[in-house]
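Enquirer: Okay, here's the structure, questions in a sec.
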Amino acid sequence: MITIIAATNRPNSNTLKVAKYYQRQLKEKGADASLFSLEHLPIDVLNTDMYGKRSAAFQEIQNMINNTEKFLFIMPEYNGSYPGVLKVLIDACNFPDSFYDKKAALVGISSGKYGNIRGVDHFTGVCHYIHLHILPLRLHIPNIKTELDAEGNLSQPDTVKFTNEQIEKFIRF
């Protein structure tokens with residue numbers, strides 16, 4: 001099972017649009033993927049699901065994580081890194097079995113010109129610690145507002161080319 005994580009809790013985000021784009025592209029290539037937006041984390045996750053506690057609401061998320069073999073993280077740049085809510089998800093999940101020896105692809109997006117290079121690097125370190133194997137082709141999509149068309153598709157030829165390459169490698173990974 002592939003799960004795409006839209007790694008922000010911001011409603012109607014460009015991150016979610018890119019995640020949906022990846023989901024459509026994976027489906028076109030014969031690989032179904034579920035999508036989970038961090039805007040759907042339980043509002044009180046810091047109080048109910050940390051340090052060994054588990055709520056019924058987060059248990060559903062934990063089950064999804066347990067059943068996932070491959071993750072695709074779409075991460076916006078927040079203050080030169082990835083969103084804290086993504087770290088909350090990782091910290092709330094059972095350790096070490098949630099991610100241990102599973103696989104992931106990483107995509108950074110930003111409104112600026114670097115496509116969240118630092119955030120993807122920072123999150124790569126976390127992935128290594130939790131033994132989540134990373135696809136070597138990590139993408140950085142800058143100026144995201146100019147990349148998405150009205151239907152939520154990536155429209156710049158180079159970006160489409162590299163996302164297709166990443167998706168094909170991810171399917172085989």
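Ordering of the structure tokens sets the chain letters (A, B, ...); residue numbers start at 1 within each chain; ligands are numbered from 1 in the order shown.
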So which residues touch Pro96 of chain A within 10 Å, counting only C-alpha atoms, skipping near sequence neighbours fewer than 2 positions away, as a ChimeraX atom specification?
Expert: /A:93-94,98-101,129-131
Enquirer: Can you list, as a PyMOL selection string, every protein, DNA or RNA residue that comes within 12 Å of Ala92 of chain A when you count only C-alpha atoms, leaving out same-chain residues fewer than 2 positions away?
Expert: chain A and resi 41-42+44-55+58-59+61-62+65+85-90+94-96+98
Enquirer: Could you name the residues that touch segment 157-172 of chain A at 9 Å or less, counting only C-alpha atoms, but leaving out those on the same chain fewer than 3 positions away, as an MDAnalysis selection string?
Expert: chainID A and resid 22 25:26 29 31 70 72 103:105 135 137:139 141 147 154
Enquirer: Near segment 6-13 of chain A, counting only C-alpha atoms, which residues have an atom at most 8 Å away, once you skip same-chain residues fewer than 4 positions from it, shown as an MDAnalysis selection string?
Expert: chainID A and resid 17 19 35:41 73:76 83 85:86
Enquirer: Just how far from atom CA of Glu28 of chain A is atom CA of Phe123 of chain A, in Å to one decimal?
Expert: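 Here the two named atoms are 28.1 Å from each other.
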Enquirer: Step one, run DSSP on the backbone; step two, keep only residues of chain A assigned to alpha helix (DSSP H); then write them as a PyMOL selection string.
Expert: chain A and resi 14-28+45-48+56-67+84-92+117-129+144-147+157-172
Enquirer: Residues near Gly80 of chain A, anyone? I mean within 10 Å using only C-alpha atoms, not counting same-chain ones fewer than 6 positions away, as a compact mmCIF listing (two decimals) with all heavy atoms, in the first residue's frame.
Expert:
# COMPACT_ATOMS: atom_id res chain seq x y z
N SER A 110 7.88 25.01 -2.29
CA SER A 110 7.96 26.31 -1.62
C SER A 110 7.44 27.39 -2.55
O SER A 110 7.38 27.21 -3.77
CB SER A 110 9.41 26.63 -1.22
OG SER A 110 10.20 26.87 -2.38
N TYR A 114 13.80 27.85 -3.83
CA TYR A 114 14.63 26.70 -3.54
C TYR A 114 13.86 25.39 -3.34
O TYR A 114 14.46 24.33 -3.18
CB TYR A 114 15.53 26.97 -2.33
CG TYR A 114 16.49 28.10 -2.60
CD1 TYR A 114 16.36 29.31 -1.93
CD2 TYR A 114 17.48 27.97 -3.56
CE1 TYR A 114 17.23 30.36 -2.20
CE2 TYR A 114 18.35 29.02 -3.84
CZ TYR A 114 18.22 30.21 -3.16
OH TYR A 114 19.06 31.24 -3.44
N ASN A 116 12.20 24.05 -0.88
CA ASN A 116 12.35 23.40 0.43
C ASN A 116 13.52 22.42 0.49
O ASN A 116 13.40 21.33 1.05
CB ASN A 116 11.04 22.73 0.86
CG ASN A 116 11.02 22.41 2.35
OD1 ASN A 116 11.84 22.91 3.12
ND2 ASN A 116 10.11 21.55 2.75
N ILE A 117 14.63 22.82 -0.06
CA ILE A 117 15.84 21.97 -0.02
C ILE A 117 16.22 21.63 1.42
O ILE A 117 16.47 20.47 1.74
CB ILE A 117 17.01 22.66 -0.75
CG1 ILE A 117 16.75 22.67 -2.26
CG2 ILE A 117 18.33 21.95 -0.45
CD1 ILE A 117 17.75 23.49 -3.05
N ARG A 118 16.27 22.62 2.29
CA ARG A 118 16.67 22.37 3.68
C ARG A 118 15.68 21.47 4.40
O ARG A 118 16.07 20.57 5.14
CB ARG A 118 16.80 23.68 4.46
CG ARG A 118 18.10 24.36 4.27
CD ARG A 118 18.27 25.46 5.34
NE ARG A 118 19.10 26.49 4.81
CZ ARG A 118 18.73 27.74 4.59
NH1 ARG A 118 17.51 28.13 4.87
NH2 ARG A 118 19.58 28.61 4.10
N GLY A 119 14.39 21.71 4.21
CA GLY A 119 13.38 20.90 4.88
C GLY A 119 13.44 19.44 4.46
O GLY A 119 13.31 18.55 5.30
N VAL A 120 13.66 19.19 3.18
CA VAL A 120 13.79 17.82 2.71
C VAL A 120 15.03 17.18 3.32
O VAL A 120 15.00 16.03 3.76
CB VAL A 120 13.79 17.76 1.16
CG1 VAL A 120 14.18 16.37 0.66
CG2 VAL A 120 12.43 18.16 0.61
N HIS A 122 16.46 18.05 6.19
CA HIS A 122 16.18 17.85 7.62
C HIS A 122 15.33 16.60 7.83
O HIS A 122 15.60 15.79 8.72
CB HIS A 122 15.46 19.06 8.21
CG HIS A 122 16.28 20.30 8.24
ND1 HIS A 122 15.72 21.54 8.45
CD2 HIS A 122 17.60 20.52 8.09
CE1 HIS A 122 16.67 22.47 8.43
NE2 HIS A 122 17.82 21.86 8.21
Enquirer: Rounded to one decimal in Å, what is the spacing between atom CA of Glu69 of chain A and atom CA of Gly115 of chain A?
Expert: 26.0 Å
Enquirer: Would you work out the distance separating atom CA of Tyr21 of chain A from atom CA of Ala33 of chain A, expressed in Å to one decimal?
Expert: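 Atom-to-atom, atom CA of Tyr21 of chain A to atom CA of Ala33 of chain A, that is 11.3 Å.
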Enquirer: As a ChimeraX atom specification, list the residues of segment 17-117 of chain A assigned to strand (DSSP E) by DSSP on the backbone atoms of this structure.
Expert: /A:33-37,70-76,103-109
Enquirer: Write out the residues from the selection above, keeping N, CA, C and O atoms, as a JSON list (two decimals), in the first residue's frame.
Expert:
[["chain", "number", "residue", "atom", "x", "y", "z"],
["A", 33, "ALA", "N", -2.91, 4.78, -4.67],
["A", 33, "ALA", "CA", -2.35, 5.36, -3.45],
["A", 33, "ALA", "C", -3.45, 6.06, -2.67],
["A", 33, "ALA", "O", -4.28, 6.75, -3.26],
["A", 34, "SER", "N", -3.43, 5.90, -1.36],
["A", 34, "SER", "CA", -4.33, 6.68, -0.52],
["A", 34, "SER", "C", -3.64, 8.00, -0.21],
["A", 34, "SER", "O", -2.43, 8.14, -0.35],
["A", 35, "LEU", "N", -4.43, 8.95, 0.21],
["A", 35, "LEU", "CA", -3.90, 10.27, 0.52],
["A", 35, "LEU", "C", -4.35, 10.66, 1.92],
["A", 35, "LEU", "O", -5.53, 10.51, 2.26],
["A", 36, "PHE", "N", -3.40, 11.14, 2.72],
["A", 36, "PHE", "CA", -3.73, 11.61, 4.06],
["A", 36, "PHE", "C", -3.16, 13.01, 4.23],
["A", 36, "PHE", "O", -1.95, 13.21, 4.10],
["A", 37, "SER", "N", -4.04, 13.96, 4.49],
["A", 37, "SER", "CA", -3.63, 15.33, 4.75],
["A", 37, "SER", "C", -3.52, 15.54, 6.26],
["A", 37, "SER", "O", -4.42, 15.15, 7.00],
["A", 70, "LYS", "N", 4.88, 1.95, 1.45],
["A", 70, "LYS", "CA", 5.60, 3.07, 0.85],
["A", 70, "LYS", "C", 4.87, 4.37, 1.13],
["A", 70, "LYS", "O", 3.65, 4.45, 0.97],
["A", 71, "PHE", "N", 5.64, 5.38, 1.53],
["A", 71, "PHE", "CA", 5.11, 6.71, 1.80],
["A", 71, "PHE", "C", 5.65, 7.70, 0.78],
["A", 71, "PHE", "O", 6.81, 7.61, 0.39],
["A", 72, "LEU", "N", 4.82, 8.63, 0.39],
["A", 72, "LEU", "CA", 5.27, 9.74, -0.43],
["A", 72, "LEU", "C", 4.93, 11.01, 0.33],
["A", 72, "LEU", "O", 3.76, 11.30, 0.56],
["A", 73, "PHE", "N", 5.95, 11.71, 0.81],
["A", 73, "PHE", "CA", 5.75, 12.91, 1.62],
["A", 73, "PHE", "C", 5.88, 14.14, 0.74],
["A", 73, "PHE", "O", 6.90, 14.35, 0.10],
["A", 74, "ILE", "N", 4.82, 14.96, 0.72],
["A", 74, "ILE", "CA", 4.85, 16.26, 0.05],
["A", 74, "ILE", "C", 4.95, 17.29, 1.15],
["A", 74, "ILE", "O", 4.04, 17.43, 1.97],
["A", 75, "MET", "N", 6.10, 18.01, 1.18],
["A", 75, "MET", "CA", 6.40, 18.88, 2.32],
["A", 75, "MET", "C", 6.60, 20.33, 1.89],
["A", 75, "MET", "O", 7.53, 20.63, 1.14],
["A", 76, "PRO", "N", 5.77, 21.23, 2.39],
["A", 76, "PRO", "CA", 6.02, 22.65, 2.12],
["A", 76, "PRO", "C", 7.14, 23.17, 3.03],
["A", 76, "PRO", "O", 7.45, 22.56, 4.06],
["A", 103, "LYS", "N", 9.60, 2.21, 2.90],
["A", 103, "LYS", "CA", 10.20, 3.05, 1.87],
["A", 103, "LYS", "C", 9.44, 4.36, 1.74],
["A", 103, "LYS", "O", 8.25, 4.42, 2.02],
["A", 104, "ALA", "N", 10.16, 5.38, 1.25],
["A", 104, "ALA", "CA", 9.53, 6.69, 1.07],
["A", 104, "ALA", "C", 10.19, 7.47, -0.05],
["A", 104, "ALA", "O", 11.36, 7.29, -0.36],
["A", 105, "ALA", "N", 9.39, 8.34, -0.65],
["A", 105, "ALA", "CA", 9.87, 9.35, -1.59],
["A", 105, "ALA", "C", 9.55, 10.71, -0.98],
["A", 105, "ALA", "O", 8.53, 10.86, -0.29],
["A", 106, "LEU", "N", 10.41, 11.69, -1.25],
["A", 106, "LEU", "CA", 10.26, 13.01, -0.66],
["A", 106, "LEU", "C", 10.16, 14.08, -1.74],
["A", 106, "LEU", "O", 10.93, 14.08, -2.70],
["A", 107, "VAL", "N", 9.20, 15.00, -1.55],
["A", 107, "VAL", "CA", 9.01, 16.12, -2.45],
["A", 107, "VAL", "C", 8.89, 17.37, -1.59],
["A", 107, "VAL", "O", 8.05, 17.44, -0.71],
["A", 108, "GLY", "N", 9.76, 18.34, -1.87],
["A", 108, "GLY", "CA", 9.68, 19.62, -1.18],
["A", 108, "GLY", "C", 9.06, 20.66, -2.10],
["A", 108, "GLY", "O", 9.34, 20.67, -3.31],
["A", 109, "ILE", "N", 8.22, 21.52, -1.54],
["A", 109, "ILE", "CA", 7.65, 22.61, -2.33],
["A", 109, "ILE", "C", 7.82, 23.91, -1.54],
["A", 109, "ILE", "O", 7.92, 23.90, -0.30]]
